[in-house]
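Single-structure report; data block below.
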Amino acid sequence: MLPPELDPALPAAEAAVDTAAVADAFLRCWQGPGPAPSVRECAPAYVRWWPGAELVATFTLKLEAPSPPGATLISVSVRPEGTRYALLAADIGLDGLSRATDPTAMTPVLRDALRRDIPACAITPVRYRPMRRCVLRFDVAPDAASESVYGKVLRATEATALAVTLPLLGDMVAPVLATVPQWGLIIQASTGGDSLNRVGKSAATHSDLEMVAGAARLLARLHGASIDAASRTLQDDAHSLLEFAPACERFAPGVAARLRDAAGRVGSFPSSDDLVPSHGAFRLDQVHITQRGPVLIDVDSFCASERERDLGNLFAYLCWRAIRRPDAGDAVDSVRTQFLSAYERAASRRVDAERLRLYEAVSLLKIAGRRYPRLKTAEWPLVPQLIDAAITLLAPAPVAR
């Protein structure tokens with residue numbers, strides 16, 4: 001449940017995240033062909049709130065038959081000047097999305113990418129951040145044998161950078177099948193594997209730990225590559241933490257003060273110039289286990305950073321899992337120990353324990369800060385535990401005697 005008077009400067013914000021109101025707005029946005037189908041279910045997919053300035057949300061709609069196959073997404077943008085509802089294809093920040101979600105336009109593109117006849121394709125949105133990025137699944141069915149490939153639509157500059165990076169990563173990522181620069185579209189083969197995210201939710205088996213070790217070797221391989229990228233420093237991360245404070249301040253001033261204080265402590269540490277190619281948002285769910293081994297997905301945050309940044313982010317999300325599910329604590333510890341050990345063996349070097357603690361703290365603070373602008377109200381009571389864990393890591397490490 002959202003707090004009353006979410007944002008006095010955005011009086012329409014509460015209606016914008018109300019599923020019934022969004023379902024009604026879909027009927028008003030529908031432009032055919034034919035009459036608008038009935039909405040069977042409307043579920044929130046993403047929310048981001050900038051107090052006093054804007055609230056952006058997306059919702060997944062499941063439609064009653066007869067209707068287009070797959071799910072339909074609608075976005076809502078609330079600003080002081082008014083509210084805008086838009087279907088997925090009408091995103092004004094992603095010019096190519098209208099073509100990439102059109103089966104008629106995509107069928108010949110997929111035909112060329114796969115180098116064989118594609119009679120038709122079905123398009124399903126997977127993830128969507130309005131005016132920033134959209135991941136689509138393209139299902140093709142030649143000779144009644146189903147097959148899927150994935151496309152990502154980005155803003156022009158991000159699409160250009162990713163199109164350059166992916167081939168340099170080689171078999172660490174799914175193969176690039178095609179790019180359509182004028183649409184900001186990049187098409188990749190399906191990994192054909194399962195996300196490693198399930199590992200660590202219950203007691204880790206020997207097979208689970210072997211997959212974790214494989215993911216660690218993959219990350220070490222990435223960190224050892226020779227690929228140029230824009231740098232992301234500790235000071236950049238410290239500055240980014242402050243953007244979460246206004247949303248937090250609105251409902252938990254004490255938590256916001258602790259977040260600002262911790263961000264200041266992070267900023268007091270020096271950055272390092274020992275940078276390596278980095279995933280940028282490394283977690284277990286960013287690794288898929290395939291027949292040819294583990295591969296990385298979602299590398300559009302690729303950057304040059306300290307190696308401890310990727311590791312710290314992974315460990316912070318493992319810690320967050322243990323906070324939400326205390327029964328998974330032992331499994332999380334096993335995964336963490338296995339990953340670090342396998343990484344250090346593969347990288348032939350020890351990880352800097354102090355920098356690892358620092359970057360894990362940074363990512364814990366990011367997780368904490370995001371709970372408020374994303375309106376994760378059910379998780380707000382857990383935020384103090386995240387900040388406590390981060391502050392503990394920021395304290396000087398005990399000296400062994």
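Letters A, B, ... go to the chains of the structure tokens in the order shown; residues in each chain start at 1; ligands are counted from 1 in the same order.
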Report the closest atom pair, with its distance in Å rounded to one decimal, for each residue of stretch 162-227 of chain A that has an atom no farther than 9 Å from stretch 105-115 of chain A; count only C-alpha atoms, sort by chain and then rising residue number, and write it as a Markdown table.
| residue | atom | partner | partner_atom | distance |
| --- | --- | --- | --- | --- |
| A:Leu177 | CA | A:Ala113 | CA | 5.4 |
| A:Ala178 | CA | A:Ala113 | CA | 5.5 |
| A:Thr179 | CA | A:Ala113 | CA | 8.8 |
| A:Val180 | CA | A:Val109 | CA | 8.6 |
| A:Ile187 | CA | A:Ala113 | CA | 8.2 |
From the DSSP assignment of the backbone, select every residue of stretch 189-398 of chain A that is strand (DSSP E or B), and format the answer as a ChimeraX atom specification.
-> /A:189,194-195,231,276-278,287-290,293-296,303-305
Do a neighbour search on stretch 148-153 of chain A at 9 Å with only C-alpha atoms, toss out local chain neighbours closer than 4 positions, and write the hits as a tab-separated table (two decimals) with C-alpha atoms, in the first residue's frame.
chain	number	residue	atom	x	y	z
A	94	LEU	CA	12.98	5.01	-28.29
A	96	GLY	CA	12.83	2.30	-33.12
A	97	LEU	CA	10.47	0.61	-30.70
A	100	ALA	CA	10.77	-3.48	-33.43
A	110	LEU	CA	14.66	-11.91	-38.55
A	132	ARG	CA	15.65	4.06	-21.93
A	133	ARG	CA	15.55	0.42	-23.05
A	134	CYS	CA	13.30	-2.46	-23.93
A	135	VAL	CA	14.09	-6.18	-24.20
A	136	LEU	CA	11.90	-8.16	-26.61
A	137	ARG	CA	11.55	-11.87	-27.31
A	138	PHE	CA	10.93	-12.82	-30.92
A	139	ASP	CA	9.31	-16.23	-31.33
A	140	VAL	CA	9.54	-17.74	-34.79
A	141	ALA	CA	7.97	-21.02	-35.80
A	159	ALA	CA	22.89	1.11	-28.87
A	177	LEU	CA	22.71	-12.02	-35.01
A	183	TRP	CA	16.08	1.53	-34.77
A	184	GLY	CA	18.64	1.23	-31.95
A	185	LEU	CA	18.01	-2.53	-32.13
A	186	ILE	CA	20.46	-5.33	-31.37
A	187	ILE	CA	19.38	-8.95	-31.89
A	188	GLN	CA	21.10	-11.82	-30.08
A	189	ALA	CA	20.61	-15.56	-30.10
A	190	SER	CA	18.95	-17.09	-27.08
A	191	THR	CA	21.43	-18.33	-24.51
Taking a cut-off of 12 Å and counting only C-alpha atoms, can you build a table that, for each residue of stretch 186-210 of chain A near stretch 314-328 of chain A, reports the nearest atom pair and how far apart they are in Å (one decimal), sorted by chain then residue number, as a Markdown table?
| residue | atom | partner | partner_atom | distance |
| --- | --- | --- | --- | --- |
| A:Leu196 | CA | A:Leu314 | CA | 12.0 |
| A:Asn197 | CA | A:Leu318 | CA | 10.0 |
| A:Arg198 | CA | A:Arg321 | CA | 11.2 |
| A:Val199 | CA | A:Ala328 | CA | 10.2 |
| A:Gly200 | CA | A:Ala328 | CA | 6.7 |
| A:Lys201 | CA | A:Ala328 | CA | 5.5 |
| A:Ser202 | CA | A:Ala328 | CA | 5.7 |
| A:Ala203 | CA | A:Ala328 | CA | 7.4 |
| A:Ala204 | CA | A:Ala328 | CA | 9.7 |
For each of A:Ala23, A:Ala122, A:Ala262, A:Val176, take the minimum atom-to-atom distance to A:Asp388, counting only C-alpha atoms, then give the residue where this is smallest.
-> A:Ala262
Spatial neighbours of A:Cys248, 10 Å, only C-alpha atoms, chain gap at least 2 places, as a list in words |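 Counting only C-alpha atoms, the residues come to Pro51, Glu243, Phe244, Ala245, Pro246, Arg250, Phe251, Ala252, Pro253, Gly254, Val255, Ala256, Ala257, Leu259, Ala368, Gly369, Arg370, Arg371, Tyr372, Pro373, Leu375 and Trp380 of chain A.
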Just the selected residues (N, CA and C atoms), exported as a PDB file, in the first residue's frame, please.
ATOM      1  N   PRO A  51      10.795  12.678  -6.660  1.00  0.00           N
ATOM      2  CA  PRO A  51       9.849  13.546  -5.936  1.00  0.00           C
ATOM      3  C   PRO A  51       9.789  14.957  -6.492  1.00  0.00           C
ATOM      4  N   GLU A 243      21.256  10.470  -5.226  1.00  0.00           N
ATOM      5  CA  GLU A 243      20.021  10.676  -5.997  1.00  0.00           C
ATOM      6  C   GLU A 243      18.832   9.946  -5.381  1.00  0.00           C
ATOM      7  N   PHE A 244      19.097   8.980  -4.492  1.00  0.00           N
ATOM      8  CA  PHE A 244      17.997   8.246  -3.866  1.00  0.00           C
ATOM      9  C   PHE A 244      17.454   8.965  -2.634  1.00  0.00           C
ATOM     10  N   ALA A 245      18.216   9.909  -2.097  1.00  0.00           N
ATOM     11  CA  ALA A 245      17.860  10.516  -0.823  1.00  0.00           C
ATOM     12  C   ALA A 245      16.524  11.266  -0.841  1.00  0.00           C
ATOM     13  N   PRO A 246      16.180  12.046  -1.884  1.00  0.00           N
ATOM     14  CA  PRO A 246      14.914  12.786  -1.822  1.00  0.00           C
ATOM     15  C   PRO A 246      13.689  11.889  -1.659  1.00  0.00           C
ATOM     16  N   ARG A 250      11.183  11.691   1.938  1.00  0.00           N
ATOM     17  CA  ARG A 250       9.732  11.942   1.983  1.00  0.00           C
ATOM     18  C   ARG A 250       9.040  11.088   3.041  1.00  0.00           C
ATOM     19  N   PHE A 251       9.526   9.869   3.265  1.00  0.00           N
ATOM     20  CA  PHE A 251       8.832   8.967   4.188  1.00  0.00           C
ATOM     21  C   PHE A 251       9.700   8.437   5.316  1.00  0.00           C
ATOM     22  N   ALA A 252      11.010   8.591   5.215  1.00  0.00           N
ATOM     23  CA  ALA A 252      11.891   8.098   6.275  1.00  0.00           C
ATOM     24  C   ALA A 252      13.082   9.039   6.410  1.00  0.00           C
ATOM     25  N   PRO A 253      12.881  10.228   6.994  1.00  0.00           N
ATOM     26  CA  PRO A 253      13.971  11.209   7.084  1.00  0.00           C
ATOM     27  C   PRO A 253      15.202  10.662   7.801  1.00  0.00           C
ATOM     28  N   GLY A 254      14.985   9.862   8.827  1.00  0.00           N
ATOM     29  CA  GLY A 254      16.120   9.303   9.549  1.00  0.00           C
ATOM     30  C   GLY A 254      16.950   8.374   8.688  1.00  0.00           C
ATOM     31  N   VAL A 255      16.269   7.568   7.880  1.00  0.00           N
ATOM     32  CA  VAL A 255      16.964   6.663   6.962  1.00  0.00           C
ATOM     33  C   VAL A 255      17.709   7.475   5.902  1.00  0.00           C
ATOM     34  N   ALA A 256      17.087   8.548   5.424  1.00  0.00           N
ATOM     35  CA  ALA A 256      17.732   9.392   4.412  1.00  0.00           C
ATOM     36  C   ALA A 256      19.001  10.020   4.965  1.00  0.00           C
ATOM     37  N   ALA A 257      18.963  10.440   6.219  1.00  0.00           N
ATOM     38  CA  ALA A 257      20.151  11.037   6.831  1.00  0.00           C
ATOM     39  C   ALA A 257      21.280  10.007   6.919  1.00  0.00           C
ATOM     40  N   LEU A 259      21.640   7.429   4.966  1.00  0.00           N
ATOM     41  CA  LEU A 259      22.085   7.159   3.600  1.00  0.00           C
ATOM     42  C   LEU A 259      23.065   8.242   3.137  1.00  0.00           C
ATOM     43  N   ALA A 368      19.413  -0.314  -0.900  1.00  0.00           N
ATOM     44  CA  ALA A 368      18.581   0.370   0.089  1.00  0.00           C
ATOM     45  C   ALA A 368      17.923   1.600  -0.514  1.00  0.00           C
ATOM     46  N   GLY A 369      18.720   2.427  -1.191  1.00  0.00           N
ATOM     47  CA  GLY A 369      18.184   3.656  -1.750  1.00  0.00           C
ATOM     48  C   GLY A 369      17.113   3.431  -2.792  1.00  0.00           C
ATOM     49  N   ARG A 370      17.252   2.369  -3.590  1.00  0.00           N
ATOM     50  CA  ARG A 370      16.289   2.108  -4.665  1.00  0.00           C
ATOM     51  C   ARG A 370      14.918   1.695  -4.150  1.00  0.00           C
ATOM     52  N   ARG A 371      14.831   1.227  -2.923  1.00  0.00           N
ATOM     53  CA  ARG A 371      13.520   0.779  -2.417  1.00  0.00           C
ATOM     54  C   ARG A 371      12.502   1.916  -2.426  1.00  0.00           C
ATOM     55  N   TYR A 372      12.943   3.152  -2.240  1.00  0.00           N
ATOM     56  CA  TYR A 372      12.005   4.274  -2.133  1.00  0.00           C
ATOM     57  C   TYR A 372      11.566   4.811  -3.483  1.00  0.00           C
ATOM     58  N   PRO A 373      12.456   5.198  -4.398  1.00  0.00           N
ATOM     59  CA  PRO A 373      11.963   5.682  -5.695  1.00  0.00           C
ATOM     60  C   PRO A 373      11.248   4.605  -6.495  1.00  0.00           C
ATOM     61  N   LEU A 375       9.191   2.569  -5.070  1.00  0.00           N
ATOM     62  CA  LEU A 375       7.964   2.369  -4.293  1.00  0.00           C
ATOM     63  C   LEU A 375       7.799   0.914  -3.854  1.00  0.00           C
ATOM     64  N   TRP A 380      10.340  -1.532   2.586  1.00  0.00           N
ATOM     65  CA  TRP A 380      10.846  -0.386   3.331  1.00  0.00           C
ATOM     66  C   TRP A 380      11.274  -0.760   4.753  1.00  0.00           C
TER      67      TRP A 380
END
